[in-house]
file run_7.cif (mmCIF, C-alpha atoms)
data_final
#
loop_
_atom_site.label_atom_id
_atom_site.label_comp_id
_atom_site.auth_asym_id
_atom_site.auth_seq_id
_atom_site.Cartn_x
_atom_site.Cartn_y
_atom_site.Cartn_z
CA MET A 1 2.95 -4.56 3.24
CA GLU A 2 0.08 -3.00 1.33
CA GLU A 3 1.54 0.54 1.45
CA GLN A 4 4.93 -0.77 0.32
CA GLU A 5 3.39 -2.51 -2.68
CA LEU A 6 1.36 0.53 -3.67
CA ASP A 7 4.48 2.68 -3.32
CA ALA A 8 6.25 0.21 -5.60
CA ALA A 9 3.64 0.83 -8.29
CA GLN A 10 4.36 4.54 -8.15
CA ALA A 11 8.12 4.02 -8.09
CA ALA A 12 7.85 1.87 -11.22
CA GLY A 13 6.24 4.77 -13.05
CA HIS A 14 2.59 3.78 -12.74
CA THR A 15 1.58 7.30 -11.78
CA ASP A 16 -2.01 8.53 -11.72
CA ASN A 17 -3.12 4.89 -11.92
CA GLY A 18 -1.82 4.73 -15.47
CA ARG A 19 -4.44 7.15 -16.80
CA ILE A 20 -3.82 8.35 -20.35
CA GLY A 21 -4.83 11.96 -20.94
CA PHE A 22 -7.22 11.42 -23.82
CA GLU A 23 -9.80 14.05 -24.72
CA GLY A 24 -12.89 11.84 -24.87
CA LEU A 25 -11.87 8.74 -22.93
CA PRO A 26 -11.84 9.45 -19.18
CA ASN A 27 -11.09 5.91 -18.02
CA THR A 28 -8.48 4.62 -20.47
CA ARG A 29 -5.37 3.44 -18.60
CA ASP A 30 -2.01 1.86 -19.30
CA LEU A 31 -1.06 -1.08 -17.08
CA GLY A 32 2.59 -0.25 -17.74
CA GLY A 33 4.67 0.19 -14.60
CA LEU A 34 2.63 -2.06 -12.33
CA PRO A 35 4.91 -4.24 -10.18
CA ALA A 36 4.62 -7.89 -11.12
CA ALA A 37 6.28 -11.29 -10.77
CA ASP A 38 9.96 -11.73 -9.85
CA GLY A 39 10.52 -8.05 -9.11
CA ARG A 40 9.69 -7.09 -12.68
CA ARG A 41 7.06 -4.66 -13.93
CA ILE A 42 4.55 -4.50 -16.77
CA VAL A 43 5.90 -2.89 -19.91
CA PHE A 44 4.44 0.43 -21.05
CA ARG A 45 2.17 1.02 -24.06
CA ARG A 46 1.20 -2.62 -24.52
CA LEU A 47 -1.76 -3.41 -22.24
CA LEU A 48 -4.58 -0.86 -22.09
CA ARG A 49 -7.93 -0.97 -20.28
CA SER A 50 -10.77 1.36 -21.18
CA GLY A 51 -14.41 2.25 -21.32
CA GLN A 52 -16.25 2.32 -24.65
CA LEU A 53 -14.41 3.94 -27.55
CA ALA A 54 -17.32 5.68 -29.30
CA SER A 55 -16.58 8.95 -27.49
CA ALA A 56 -12.93 9.04 -28.60
CA THR A 57 -11.94 12.16 -30.50
CA PRO A 58 -9.96 11.97 -33.77
CA ALA A 59 -6.88 12.99 -31.78
CA ASP A 60 -7.48 10.16 -29.29
CA LEU A 61 -7.78 7.61 -32.08
CA ALA A 62 -4.66 8.94 -33.78
CA ARG A 63 -2.73 8.51 -30.51
CA LEU A 64 -4.01 4.98 -30.04
CA GLY A 65 -2.98 3.99 -33.54
CA GLY A 66 0.33 5.87 -33.58
CA GLU A 67 1.80 6.41 -30.12
CA TYR A 68 0.38 3.17 -28.73
CA GLY A 69 0.53 1.04 -31.88
CA LEU A 70 -2.91 -0.42 -31.21
CA ARG A 71 -3.36 -3.77 -32.94
CA LEU A 72 -6.18 -5.48 -31.04
CA VAL A 73 -9.43 -4.18 -29.54
CA VAL A 74 -11.39 -6.62 -27.35
CA ASP A 75 -15.00 -5.52 -26.84
CA LEU A 76 -16.65 -7.23 -23.86
CA ARG A 77 -20.10 -5.64 -24.34
CA THR A 78 -23.43 -7.14 -25.37
CA ASP A 79 -24.71 -7.04 -28.95
CA GLU A 80 -27.17 -4.32 -27.96
CA GLU A 81 -24.45 -2.12 -26.49
CA CYS A 82 -22.22 -2.60 -29.52
CA ALA A 83 -25.04 -1.66 -31.90
CA GLU A 84 -25.83 1.49 -29.93
CA LYS A 85 -22.23 2.71 -29.68
CA PRO A 86 -20.04 0.79 -32.13
CA ASP A 87 -16.28 0.92 -31.89
CA PRO A 88 -14.79 3.39 -34.43
CA MET A 89 -12.63 0.75 -36.09
CA GLY A 90 -12.63 2.67 -39.36
CA GLU A 91 -10.43 5.22 -37.61
CA LEU A 92 -8.10 2.49 -36.32
CA PRO A 93 -6.97 0.87 -39.57
CA GLY A 94 -4.06 -0.97 -37.96
CA ALA A 95 -6.21 -2.74 -35.38
CA ARG A 96 -8.55 -5.70 -35.48
CA LEU A 97 -11.71 -5.99 -33.41
CA VAL A 98 -12.75 -9.08 -31.44
CA ARG A 99 -16.13 -9.08 -29.70
CA LEU A 100 -16.36 -11.27 -26.62
CA PRO A 101 -19.59 -10.58 -24.71
CA VAL A 102 -19.20 -11.53 -21.05
CA PHE A 103 -22.96 -11.89 -20.85
CA HIS A 104 -25.76 -11.54 -23.35
CA GLY A 105 -28.53 -8.97 -23.32
CA PRO A 106 -32.33 -9.33 -23.37
CA ALA A 107 -32.40 -10.12 -27.09
CA SER A 108 -30.55 -13.35 -26.37
CA GLY A 109 -33.11 -14.63 -23.88
CA VAL A 110 -33.38 -14.61 -20.10
CA SER A 111 -30.23 -16.04 -18.55
CA ARG A 112 -29.72 -17.11 -14.96
CA SER A 113 -27.66 -13.98 -14.33
CA MET A 114 -30.45 -11.75 -15.67
CA GLN A 115 -33.00 -13.54 -13.49
CA ASP A 116 -30.85 -13.02 -10.41
CA MET A 117 -30.29 -9.36 -11.26
CA GLU A 118 -34.00 -8.74 -11.81
CA ARG A 119 -34.80 -10.39 -8.49
CA VAL A 120 -32.27 -8.28 -6.59
CA ALA A 121 -33.41 -5.14 -8.43
CA ARG A 122 -36.96 -5.74 -7.20
CA GLN A 123 -35.68 -6.25 -3.66
CA MET A 124 -33.64 -3.06 -3.93
CA MET A 125 -36.61 -1.01 -5.12
CA GLN A 126 -38.63 -2.36 -2.19
CA GLY A 127 -35.90 -1.37 0.24
CA GLU A 128 -35.10 -4.96 1.19
CA VAL A 129 -31.43 -4.85 0.15
CA GLU A 130 -28.94 -2.03 -0.36
CA PRO A 131 -28.02 -1.01 -3.95
CA ALA A 132 -24.55 -2.58 -3.76
CA GLN A 133 -26.18 -6.01 -3.62
CA LEU A 134 -27.03 -5.69 -7.32
CA PHE A 135 -23.39 -5.93 -8.36
CA VAL A 136 -22.47 -8.27 -5.52
CA THR A 137 -24.97 -10.61 -7.21
CA LEU A 138 -23.68 -9.94 -10.73
CA TYR A 139 -19.94 -10.44 -10.25
CA PRO A 140 -19.92 -14.20 -9.57
CA HIS A 141 -21.88 -14.64 -12.80
CA LEU A 142 -19.22 -12.71 -14.72
CA VAL A 143 -16.56 -15.25 -13.82
CA LEU A 144 -18.49 -18.51 -13.40
CA ASP A 145 -21.26 -18.49 -16.03
CA ASP A 146 -20.53 -20.14 -19.37
CA ASP A 147 -20.59 -16.80 -21.23
CA GLY A 148 -18.07 -15.23 -18.88
CA ILE A 149 -15.73 -18.22 -18.94
CA ALA A 150 -15.87 -18.33 -22.75
CA ALA A 151 -15.23 -14.59 -23.02
CA TYR A 152 -12.33 -14.43 -20.58
CA SER A 153 -10.77 -17.59 -21.96
CA ALA A 154 -10.86 -16.12 -25.47
CA PHE A 155 -9.56 -12.82 -24.08
CA PHE A 156 -6.33 -14.53 -23.02
CA ARG A 157 -6.06 -16.47 -26.30
CA GLU A 158 -6.40 -13.28 -28.31
CA ILE A 159 -3.73 -11.51 -26.25
CA LEU A 160 -1.38 -14.47 -26.69
CA ASP A 161 -2.05 -14.49 -30.44
CA GLU A 162 -1.27 -10.77 -30.82
CA ARG A 163 2.50 -10.47 -30.83
CA GLU A 164 2.92 -6.88 -32.03
CA GLY A 165 1.69 -3.52 -30.81
CA SER A 166 -0.75 -2.95 -27.99
CA VAL A 167 -3.98 -4.58 -26.86
CA LEU A 168 -6.97 -2.64 -25.53
CA TRP A 169 -9.98 -4.23 -23.85
CA HIS A 170 -13.14 -2.44 -22.82
CA CYS A 171 -16.78 -2.69 -21.84
CA SER A 172 -19.07 0.33 -21.51
CA ALA A 173 -17.64 2.23 -18.55
CA GLY A 174 -14.46 0.17 -18.17
CA LYS A 175 -15.33 -0.85 -14.63
CA ASP A 176 -17.00 -4.27 -14.28
CA ARG A 177 -16.43 -6.61 -17.24
CA CYS A 178 -13.26 -4.74 -18.19
CA GLY A 179 -12.34 -4.54 -14.51
CA MET A 180 -12.50 -8.31 -14.09
CA ALA A 181 -10.51 -8.89 -17.29
CA SER A 182 -7.85 -6.56 -15.86
CA VAL A 183 -7.87 -8.33 -12.48
CA LEU A 184 -7.40 -11.72 -14.14
CA LEU A 185 -4.62 -10.54 -16.44
CA GLU A 186 -2.80 -8.75 -13.63
CA ALA A 187 -3.07 -11.88 -11.47
CA ALA A 188 -1.57 -13.96 -14.28
CA LEU A 189 1.30 -11.47 -14.51
CA GLY A 190 1.94 -11.71 -10.77
CA VAL A 191 0.78 -8.24 -9.73
CA PRO A 192 0.34 -8.16 -5.91
CA GLU A 193 -3.26 -8.31 -4.70
CA PRO A 194 -3.27 -4.84 -3.03
CA VAL A 195 -2.04 -3.29 -6.29
CA ILE A 196 -4.68 -5.17 -8.28
CA GLU A 197 -7.36 -3.84 -5.95
CA ALA A 198 -6.03 -0.29 -6.19
CA ASP A 199 -6.09 -0.47 -9.98
CA TYR A 200 -9.65 -1.81 -9.87
CA LEU A 201 -10.81 1.01 -7.57
CA ALA A 202 -9.16 3.76 -9.61
CA THR A 203 -12.20 3.86 -11.91
CA ASN A 204 -14.03 5.80 -9.20
CA ARG A 205 -11.44 8.60 -9.38
CA PHE A 206 -11.83 9.11 -13.09
CA TYR A 207 -15.61 9.25 -12.94
CA GLY A 208 -15.61 11.47 -9.85
CA ILE A 209 -17.46 8.91 -7.75
CA ASP A 210 -17.07 8.50 -3.99
CA PRO A 211 -19.95 6.39 -2.64
CA SER A 212 -18.51 6.65 0.88
CA ALA A 213 -18.56 10.46 0.94
CA GLU A 214 -20.82 12.16 3.45
CA GLY A 215 -24.20 12.86 1.90
CA ALA A 216 -23.54 10.63 -1.12
CA ASP A 217 -26.57 9.17 -2.87
CA PRO A 218 -26.80 5.44 -1.97
CA MET A 219 -27.30 4.75 -5.68
CA ASP A 220 -23.84 6.20 -6.49
CA VAL A 221 -22.29 2.84 -5.72
CA LEU A 222 -23.87 1.49 -8.93
CA ASN A 223 -22.01 4.04 -11.04
CA GLY A 224 -18.60 3.04 -9.76
CA VAL A 225 -16.79 0.06 -8.31
CA ASP A 226 -16.54 -1.33 -4.79
CA LEU A 227 -14.30 -3.99 -3.28
CA ARG A 228 -17.44 -5.84 -2.22
CA PHE A 229 -18.10 -6.49 -5.91
CA LEU A 230 -14.59 -7.75 -6.60
CA HIS A 231 -14.53 -9.84 -3.45
CA ALA A 232 -17.82 -11.47 -4.45
CA ALA A 233 -16.14 -12.62 -7.67
CA THR A 234 -12.93 -13.81 -6.02
CA ALA A 235 -14.90 -15.63 -3.30
CA ALA A 236 -16.93 -17.39 -6.00
CA ILE A 237 -13.72 -18.37 -7.78
CA GLU A 238 -12.22 -19.58 -4.50
CA GLY A 239 -15.31 -21.69 -3.80
CA ALA A 240 -15.43 -23.24 -7.26
CA TYR A 241 -11.72 -23.62 -8.08
CA GLY A 242 -9.73 -22.97 -4.92
CA GLY A 243 -8.14 -19.75 -6.17
CA ILE A 244 -7.45 -17.54 -9.17
CA GLY A 245 -4.44 -19.59 -10.25
CA ALA A 246 -6.52 -22.74 -10.59
CA TYR A 247 -9.35 -20.77 -12.21
CA LEU A 248 -6.97 -19.41 -14.84
CA SER A 249 -5.67 -22.88 -15.60
CA GLU A 250 -8.77 -25.05 -15.26
CA ALA A 251 -11.55 -22.71 -16.41
CA LEU A 252 -9.76 -20.38 -18.81
CA GLY A 253 -7.03 -22.66 -20.13
CA VAL A 254 -4.27 -20.28 -19.04
CA ASP A 255 -1.81 -22.95 -17.94
CA GLY A 256 1.78 -22.64 -16.79
CA ASP A 257 3.12 -22.31 -20.33
CA ALA A 258 0.62 -19.54 -21.11
CA VAL A 259 1.49 -17.67 -17.92
CA ALA A 260 5.19 -17.99 -18.72
CA GLU A 261 4.59 -16.63 -22.21
CA LEU A 262 2.57 -13.69 -20.93
CA ARG A 263 5.26 -12.82 -18.40
CA ALA A 264 8.06 -13.16 -20.96
CA ARG A 265 6.24 -10.84 -23.33
CA TYR A 266 4.78 -8.21 -21.00
CA LEU A 267 7.21 -7.97 -18.07
CA VAL A 268 10.61 -6.30 -17.90
#

call {"tool": "encode", "arguments": {"input": "run_7.cif", "output": "structure tokens"}}
result
Amino acid sequence: MEEQELDAAQAAGHTDNGRIGFEGLPNTRDLGGLPAADGRRIVFRRLLRSGQLASATPADLARLGGEYGLRLVVDLRTDEECAEKPDPMGELPGARLVRLPVFHGPASGVSRSMQDMERVARQMMQGEVEPAQLFVTLYPHLVLDDDGIAAYSAFFREILDEREGSVLWHCSAGKDRCGMASVLLEAALGVPEPVIEADYLATNRFYGIDPSAEGADPMDVLNGVDLRFLHAATAAIEGAYGGIGAYLSEALGVDGDAVAELRARYLV
């Protein structure tokens, strides 16, 4: 079943995991072509996931504004990250920017997620836990903490409010906060779970990361993504809400009408 679904993604035109050949953006991808609900597929040039945009070249920005008709940029980073590498919105005159931090940085005080991360980081440095545990600890916070719920709920509202052109969402590397936004949106659109997981893992390809390779540095896992991270989030959602469908509806306000609207707009 899994191989058939992944083959379906390729047959629908979602080649090379949807990667767009930009000059300065190695992990910007089009969800277009992914198989979704009712035998349909996601439309092309409408839903884009990415890492930070500060490294985009003028040619990249021209393509985003012209070829992709970019109208909405959703930035999931902290205030500190945005200040260090702001989005080049001046070069995207047709697009509006919405900032939705999934969690807040040190300047906003010590949150429960930061406390947990600091604890696990100490354990990691002392050799008590493997490096992957850092993100296994983080991911449930992304989806269950108040900041994450507020950010992802607003993420869906903003997409529903934007009726023309394309939407792009990003964090810093386009792997964790952006990755979860992509997982949730793909789930709402009815993308099969194996295809969702393959799209999530594709980040490793575009950063040249293979934590499972012989001789790989154990710390490499922190620079990419791992299904253990994603499964930690989905298990947390399952425990708190019973599944992603209920989480979308009860936590994020993405009810049946919203799902129907998303599918009517973004599936063909």

call {"tool": "resolve_selection", "arguments": {"input": "run_7.cif", "expression": "the PyMOL selection byres ((chain A and resi 66-79) around 8)", "output": "number ranges by chain"}}
result
A: 45-46, 62-65, 80-83, 92, 94-105, 151, 155, 162, 164-172, 177-178

call {"tool": "atom_distance", "arguments": {"input": "run_7.cif", "atom1": "atom CA of A:Leu222", "atom2": "atom CA of A:Glu238"}}
result
24.5 Å

call {"tool": "residues_near_point", "arguments": {"input": "run_7.cif", "point": "(-6.6, -15.2, -20.7)", "cutoff": "9 Å", "atoms": "all atoms listed in the file", "output": "PDB file with C-alpha atoms, in the frame of the given file"}}
result
ATOM      1  CA  ALA A 151     -15.230 -14.590 -23.020  1.00  0.00           C
ATOM      2  CA  TYR A 152     -12.330 -14.430 -20.580  1.00  0.00           C
ATOM      3  CA  SER A 153     -10.770 -17.590 -21.960  1.00  0.00           C
ATOM      4  CA  ALA A 154     -10.860 -16.120 -25.470  1.00  0.00           C
ATOM      5  CA  PHE A 155      -9.560 -12.820 -24.080  1.00  0.00           C
ATOM      6  CA  PHE A 156      -6.330 -14.530 -23.020  1.00  0.00           C
ATOM      7  CA  ARG A 157      -6.060 -16.470 -26.300  1.00  0.00           C
ATOM      8  CA  GLU A 158      -6.400 -13.280 -28.310  1.00  0.00           C
ATOM      9  CA  ILE A 159      -3.730 -11.510 -26.250  1.00  0.00           C
ATOM     10  CA  LEU A 160      -1.380 -14.470 -26.690  1.00  0.00           C
ATOM     11  CA  ALA A 181     -10.510  -8.890 -17.290  1.00  0.00           C
ATOM     12  CA  LEU A 184      -7.400 -11.720 -14.140  1.00  0.00           C
ATOM     13  CA  LEU A 185      -4.620 -10.540 -16.440  1.00  0.00           C
ATOM     14  CA  ALA A 188      -1.570 -13.960 -14.280  1.00  0.00           C
ATOM     15  CA  LEU A 248      -6.970 -19.410 -14.840  1.00  0.00           C
ATOM     16  CA  LEU A 252      -9.760 -20.380 -18.810  1.00  0.00           C
ATOM     17  CA  GLY A 253      -7.030 -22.660 -20.130  1.00  0.00           C
ATOM     18  CA  VAL A 254      -4.270 -20.280 -19.040  1.00  0.00           C
ATOM     19  CA  ALA A 258       0.620 -19.540 -21.110  1.00  0.00           C
ATOM     20  CA  VAL A 259       1.490 -17.670 -17.920  1.00  0.00           C
TER      21      VAL A 259
END

call {"tool": "residues_around", "arguments": {"input": "run_7.cif", "residues": "A:Asn17", "least_positions_apart": "6", "cutoff": "12 Å", "atoms": "all atoms listed in the file", "output": "PyMOL selection string"}}
result
chain A and resi 6-7+9-11+27-34+48-49+195-206

call {"tool": "closest_residue", "arguments": {"input": "run_7.cif", "among": "A:Leu25, A:Ala251, A:Ala36, A:Ala54", "to": "A:Pro194", "atoms": "only C-alpha atoms"}}
result
A:Ala36

call {"tool": "residues_around", "arguments": {"input": "run_7.cif", "residues": "stretch 227-229 of chain A", "least_positions_apart": "6", "cutoff": "10 Å", "atoms": "all atoms listed in the file", "output": "PDB file with C-alpha atoms, keeping the file's coordinate frame"}}
result
ATOM      1  CA  ALA A 132     -24.550  -2.580  -3.760  1.00  0.00           C
ATOM      2  CA  GLN A 133     -26.180  -6.010  -3.620  1.00  0.00           C
ATOM      3  CA  LEU A 134     -27.030  -5.690  -7.320  1.00  0.00           C
ATOM      4  CA  PHE A 135     -23.390  -5.930  -8.360  1.00  0.00           C
ATOM      5  CA  VAL A 136     -22.470  -8.270  -5.520  1.00  0.00           C
ATOM      6  CA  THR A 137     -24.970 -10.610  -7.210  1.00  0.00           C
ATOM      7  CA  LEU A 138     -23.680  -9.940 -10.730  1.00  0.00           C
ATOM      8  CA  TYR A 139     -19.940 -10.440 -10.250  1.00  0.00           C
ATOM      9  CA  PRO A 140     -19.920 -14.200  -9.570  1.00  0.00           C
ATOM     10  CA  ASP A 176     -17.000  -4.270 -14.280  1.00  0.00           C
ATOM     11  CA  GLU A 197      -7.360  -3.840  -5.950  1.00  0.00           C
ATOM     12  CA  ALA A 198      -6.030  -0.290  -6.190  1.00  0.00           C
ATOM     13  CA  TYR A 200      -9.650  -1.810  -9.870  1.00  0.00           C
ATOM     14  CA  LEU A 201     -10.810   1.010  -7.570  1.00  0.00           C
TER      15      LEU A 201
END

call {"tool": "closest_residue", "arguments": {"input": "run_7.cif", "among": "A:Glu193, A:Glu186, A:Asp226, A:Asp220", "to": "A:Ile42", "atoms": "all atoms listed in the file"}}
result
A:Glu186

call {"tool": "atom_distance", "arguments": {"input": "run_7.cif", "atom1": "atom CA of A:Asp16", "atom2": "atom CA of A:Gly190"}}
result
20.6 Å

call {"tool": "closest_residue", "arguments": {"input": "run_7.cif", "among": "A:Ala213, A:Met219, A:His231, A:Glu250", "to": "A:Met124", "atoms": "all atoms listed in the file"}}
result
A:Met219

call {"tool": "residues_around", "arguments": {"input": "run_7.cif", "residues": "A:Gly239", "least_positions_apart": "6", "cutoff": "12 Å", "atoms": "all atoms listed in the file", "output": "list in words"}}
result
Pro140, Val143, Leu144, His231, Ala232, Ala233, Ala246 and Tyr247 of chain A

call {"tool": "write_last_selection", "arguments": {"input": "run_7.cif", "atoms": "C-alpha atoms", "output": "PDB file, in the frame of the given file"}}
result
ATOM      1  CA  PRO A 140     -19.920 -14.200  -9.570  1.00  0.00           C
ATOM      2  CA  VAL A 143     -16.560 -15.250 -13.820  1.00  0.00           C
ATOM      3  CA  LEU A 144     -18.490 -18.510 -13.400  1.00  0.00           C
ATOM      4  CA  HIS A 231     -14.530  -9.840  -3.450  1.00  0.00           C
ATOM      5  CA  ALA A 232     -17.820 -11.470  -4.450  1.00  0.00           C
ATOM      6  CA  ALA A 233     -16.140 -12.620  -7.670  1.00  0.00           C
ATOM      7  CA  ALA A 246      -6.520 -22.740 -10.590  1.00  0.00           C
ATOM      8  CA  TYR A 247      -9.350 -20.770 -12.210  1.00  0.00           C
TER       9      TYR A 247
END

call {"tool": "atom_distance", "arguments": {"input": "run_7.cif", "atom1": "atom CA of A:Ala187", "atom2": "atom CA of A:His14"}}
result
16.7 Å

call {"tool": "residues_around", "arguments": {"input": "run_7.cif", "residues": "A:Arg122", "least_positions_apart": "6", "cutoff": "12 Å", "atoms": "only C-alpha atoms", "output": "PyMOL selection string"}}
result
chain A and resi 115-116+128-131+133-134
